[in-house]
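**Q** The following block contains the structure, expressed as C-alpha cells.
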Amino acid sequence: MADRLAVFGVLTLSTIGGNVADSLYRYIEDLPDSSRDIRGVVKTLYDIKATLRDLDAAFQDPRFNRLSRELLDDIVLGIGSCARSLRELDNIVAKYTSGRRVASSRRAWHEIQASFHKADGFALASRLEVHKTFLSQLKGILQ
C-alpha cells in the first residue's frame with residue numbers, strides 16, 4: 001500500500017491545488033468582467049484540494065488493499081490525470097505570476113485559459129470539473 005500512496009501523492013496534489021487557487025484568487029478583484037469564471041475555477045480547485053485530503057485518509061484504510069484490480073487501475077489513471085492537470089496549471093500560473101516580468105492580470109488569465117484550451121480542446125473550468133467529479137465519486141466509493 002505504501003507504494004500506491006507514493007504514486008498517488010494526494011497530499012502534495014492537494015497543496016498544489018490550494019496554492020494555485022490562492023494565486024488565481026487575486027484576479028477576481030483585478031478582472032471584474034471575468035470574476036464569475038475565476039471564482040468558479042478557484043472554488044473547484046478548493047473543492048479538489050479538500051477531496052484529495054479526504055482521499056488520503058481513505059487510501060490509508062486497510063480496506064483499500066481489498067479493492068478490485070480494475071478499480072485500483074482506474075484510481076491510478078484518474079489521480080494521474082488530475083496530477084498532470086494540477087501540475088500543468090501550477091507551472092502556467094507560476095510562469096505568469098512570478099519572475100522578472102510579471103504579466104498583467106488580464107493577459108495572465110487569458111494565457112492560462114488559452115493554454116488549457118490549446119492542449120486538449122477543453123476549457124480550464126471544464127477540465128477541473130471532470131477531475132472534481134471523478135474525485136468526489138471515488139470518495140463516495142471508498143467511504
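Following the order of the C-alpha cells, chains are lettered A, B, ..., residues in each are numbered from 1, and ligands are numbered from 1.
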Give me, as a ChimeraX atom specification, all polymer residues having an atom no more than 8 Å from region 108-125 of chain A, counting only C-alpha atoms and skipping those fewer than 5 positions away in the same chain.
**A** /A:27,37,40-41,44,89,92-93,96-97,103
**Q** Within 9 Å of region 13-26 of chain A, which residues of region 30-141 of chain A show up? Give each one with its shortest atom-to-atom distance in Å (one decimal) and the two atoms involved, counting only C-alpha atoms, rows by chain then rising residue number, as CSV.
**A**
```
residue,atom,partner,partner_atom,distance
A:Asp30,CA,A:Arg26,CA,6.8
A:Leu31,CA,A:Arg26,CA,9.0
A:Ile38,CA,A:Leu24,CA,7.2
A:Arg39,CA,A:Tyr25,CA,7.3
A:Val41,CA,A:Ala21,CA,7.7
A:Val42,CA,A:Ala21,CA,4.9
A:Lys43,CA,A:Ala21,CA,7.7
A:Thr44,CA,A:Ala21,CA,8.6
A:Leu45,CA,A:Gly17,CA,5.5
A:Tyr46,CA,A:Gly18,CA,5.9
A:Ile48,CA,A:Gly17,CA,7.0
A:Lys49,CA,A:Ser14,CA,4.3
A:Ala50,CA,A:Ser14,CA,7.1
A:Thr51,CA,A:Ser14,CA,8.2
A:Leu52,CA,A:Ser14,CA,5.6
A:Arg53,CA,A:Ser14,CA,6.4
A:Cys82,CA,A:Leu13,CA,8.4
A:Ala83,CA,A:Leu13,CA,6.3
A:Leu86,CA,A:Gly17,CA,6.2
A:Arg87,CA,A:Ile16,CA,7.3
A:Leu89,CA,A:Val20,CA,7.5
A:Asp90,CA,A:Val20,CA,5.9
A:Val93,CA,A:Val20,CA,7.1
A:Ala94,CA,A:Val20,CA,8.6
A:Thr97,CA,A:Ser23,CA,8.0
A:Ser105,CA,A:Arg26,CA,8.6
A:Trp109,CA,A:Leu24,CA,8.4
```
**Q** Please determine, counting only C-alpha atoms, which residue among A:Arg107, A:Asp61, A:Leu71, A:Ile79 has the shortest atom-to-atom distance to Lys132 (chain A).
**A**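 Ranked by minimum distance to Lys132 (chain A), first place goes to A:Ile79.
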**Q** As a PyMOL selection string, list the residues of region 15-93 of chain A assigned to alpha helix (DSSP H) by DSSP on the backbone atoms of this structure.
**A** chain A and resi 15-30+35-60+69-93
**Q** To one decimal place, how far is CA of Ala58 (chain A) from CA of Leu142 (chain A) in Å?
**A**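 Atom-to-atom, CA of Ala58 (chain A) to CA of Leu142 (chain A), that is 6.4 Å.
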**Q** What lies within 12 Å of Ile141 (chain A) using only C-alpha atoms, ignoring chain neighbours under 2 positions off, as a list of chain:residue names?
**A**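 Once the nearby chain positions are removed, what remains is A:Leu55, A:Ala58, A:Phe59, A:Arg63, A:Phe64, A:Leu67, A:Leu71, A:Leu72, A:Ile75, A:Phe134, A:Leu135, A:Ser136, A:Gln137, A:Leu138, A:Lys139, A:Gln143.
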**Q** Produce a file of the selected residues containing N, CA, C and O atoms, as a PDB file, in the first residue's frame.
**A**
```pdb
ATOM      1  N   LEU A  55      -9.343  11.803   0.527  1.00  0.00           N
ATOM      2  CA  LEU A  55      -8.910  10.558  -0.108  1.00  0.00           C
ATOM      3  C   LEU A  55      -7.626  10.025   0.511  1.00  0.00           C
ATOM      4  O   LEU A  55      -7.434   8.812   0.593  1.00  0.00           O
ATOM      5  N   ALA A  58      -8.652   7.839   3.185  1.00  0.00           N
ATOM      6  CA  ALA A  58      -9.264   6.616   2.655  1.00  0.00           C
ATOM      7  C   ALA A  58      -8.209   5.657   2.113  1.00  0.00           C
ATOM      8  O   ALA A  58      -8.335   4.440   2.260  1.00  0.00           O
ATOM      9  N   PHE A  59      -7.174   6.190   1.495  1.00  0.00           N
ATOM     10  CA  PHE A  59      -6.120   5.333   0.943  1.00  0.00           C
ATOM     11  C   PHE A  59      -5.316   4.638   2.037  1.00  0.00           C
ATOM     12  O   PHE A  59      -4.699   3.604   1.807  1.00  0.00           O
ATOM     13  N   ARG A  63      -8.911  -1.414   4.344  1.00  0.00           N
ATOM     14  CA  ARG A  63      -9.845  -1.946   3.350  1.00  0.00           C
ATOM     15  C   ARG A  63      -9.457  -1.540   1.922  1.00  0.00           C
ATOM     16  O   ARG A  63      -9.885  -2.156   0.964  1.00  0.00           O
ATOM     17  N   PHE A  64      -8.637  -0.502   1.808  1.00  0.00           N
ATOM     18  CA  PHE A  64      -8.226  -0.025   0.487  1.00  0.00           C
ATOM     19  C   PHE A  64      -7.516  -1.121  -0.307  1.00  0.00           C
ATOM     20  O   PHE A  64      -7.706  -1.254  -1.508  1.00  0.00           O
ATOM     21  N   LEU A  67      -9.612  -3.632  -2.621  1.00  0.00           N
ATOM     22  CA  LEU A  67     -10.346  -3.198  -3.810  1.00  0.00           C
ATOM     23  C   LEU A  67      -9.941  -4.038  -5.011  1.00  0.00           C
ATOM     24  O   LEU A  67      -8.822  -4.551  -5.086  1.00  0.00           O
ATOM     25  N   LEU A  71     -10.574  -1.469 -10.248  1.00  0.00           N
ATOM     26  CA  LEU A  71     -10.823  -0.199  -9.568  1.00  0.00           C
ATOM     27  C   LEU A  71      -9.505   0.496  -9.225  1.00  0.00           C
ATOM     28  O   LEU A  71      -9.370   1.704  -9.394  1.00  0.00           O
ATOM     29  N   LEU A  72      -8.540  -0.277  -8.768  1.00  0.00           N
ATOM     30  CA  LEU A  72      -7.227   0.305  -8.460  1.00  0.00           C
ATOM     31  C   LEU A  72      -6.596   0.912  -9.714  1.00  0.00           C
ATOM     32  O   LEU A  72      -6.013   2.003  -9.662  1.00  0.00           O
ATOM     33  N   ILE A  75      -8.273   4.164 -10.360  1.00  0.00           N
ATOM     34  CA  ILE A  75      -7.816   5.173  -9.403  1.00  0.00           C
ATOM     35  C   ILE A  75      -6.469   5.744  -9.849  1.00  0.00           C
ATOM     36  O   ILE A  75      -6.268   6.962  -9.863  1.00  0.00           O
ATOM     37  N   PHE A 134     -14.732  13.129 -10.711  1.00  0.00           N
ATOM     38  CA  PHE A 134     -14.079  11.838 -10.521  1.00  0.00           C
ATOM     39  C   PHE A 134     -13.682  11.643  -9.058  1.00  0.00           C
ATOM     40  O   PHE A 134     -13.955  10.598  -8.458  1.00  0.00           O
ATOM     41  N   LEU A 135     -13.028  12.652  -8.485  1.00  0.00           N
ATOM     42  CA  LEU A 135     -12.557  12.533  -7.099  1.00  0.00           C
ATOM     43  C   LEU A 135     -13.716  12.400  -6.123  1.00  0.00           C
ATOM     44  O   LEU A 135     -13.648  11.615  -5.170  1.00  0.00           O
ATOM     45  N   SER A 136     -14.797  13.121  -6.358  1.00  0.00           N
ATOM     46  CA  SER A 136     -15.972  13.025  -5.489  1.00  0.00           C
ATOM     47  C   SER A 136     -16.600  11.634  -5.575  1.00  0.00           C
ATOM     48  O   SER A 136     -16.992  11.060  -4.544  1.00  0.00           O
ATOM     49  N   GLN A 137     -16.693  11.106  -6.781  1.00  0.00           N
ATOM     50  CA  GLN A 137     -17.238   9.766  -6.956  1.00  0.00           C
ATOM     51  C   GLN A 137     -16.340   8.729  -6.288  1.00  0.00           C
ATOM     52  O   GLN A 137     -16.825   7.796  -5.633  1.00  0.00           O
ATOM     53  N   LEU A 138     -15.047   8.893  -6.435  1.00  0.00           N
ATOM     54  CA  LEU A 138     -14.094   7.977  -5.813  1.00  0.00           C
ATOM     55  C   LEU A 138     -14.224   8.034  -4.291  1.00  0.00           C
ATOM     56  O   LEU A 138     -14.241   6.992  -3.629  1.00  0.00           O
ATOM     57  N   LYS A 139     -14.339   9.211  -3.771  1.00  0.00           N
ATOM     58  CA  LYS A 139     -14.516   9.374  -2.322  1.00  0.00           C
ATOM     59  C   LYS A 139     -15.775   8.623  -1.851  1.00  0.00           C
ATOM     60  O   LYS A 139     -15.750   7.921  -0.843  1.00  0.00           O
ATOM     61  N   GLN A 143     -15.920   5.307   0.813  1.00  0.00           N
ATOM     62  CA  GLN A 143     -16.489   5.501   2.169  1.00  0.00           C
ATOM     63  C   GLN A 143     -17.363   4.355   2.571  1.00  0.00           C
ATOM     64  O   GLN A 143     -17.928   3.649   1.893  1.00  0.00           O
TER      65      GLN A 143
END
```
**Q** Go through A:Val76, A:Gln60, A:Ser81, A:Ser104 one by one, measure the shortest atom-to-atom distance of each to His131 (chain A) using only C-alpha atoms, and give the residue with the smallest value.
**A**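 Once distances to His131 (chain A) are computed over only C-alpha atoms, the minimum belongs to A:Ser81.
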**Q** Any idea what the distance is between CA of Ser98 (chain A) and CA of Glu129 (chain A)?
**A**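 A separation of 26.4 Å between them.
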**Q** My list of candidates is A:Arg69, A:Arg84, A:Arg106, A:Lys95. Which is closest to Glu29 (chain A) when distances are computed with only C-alpha atoms?
**A** A:Arg106
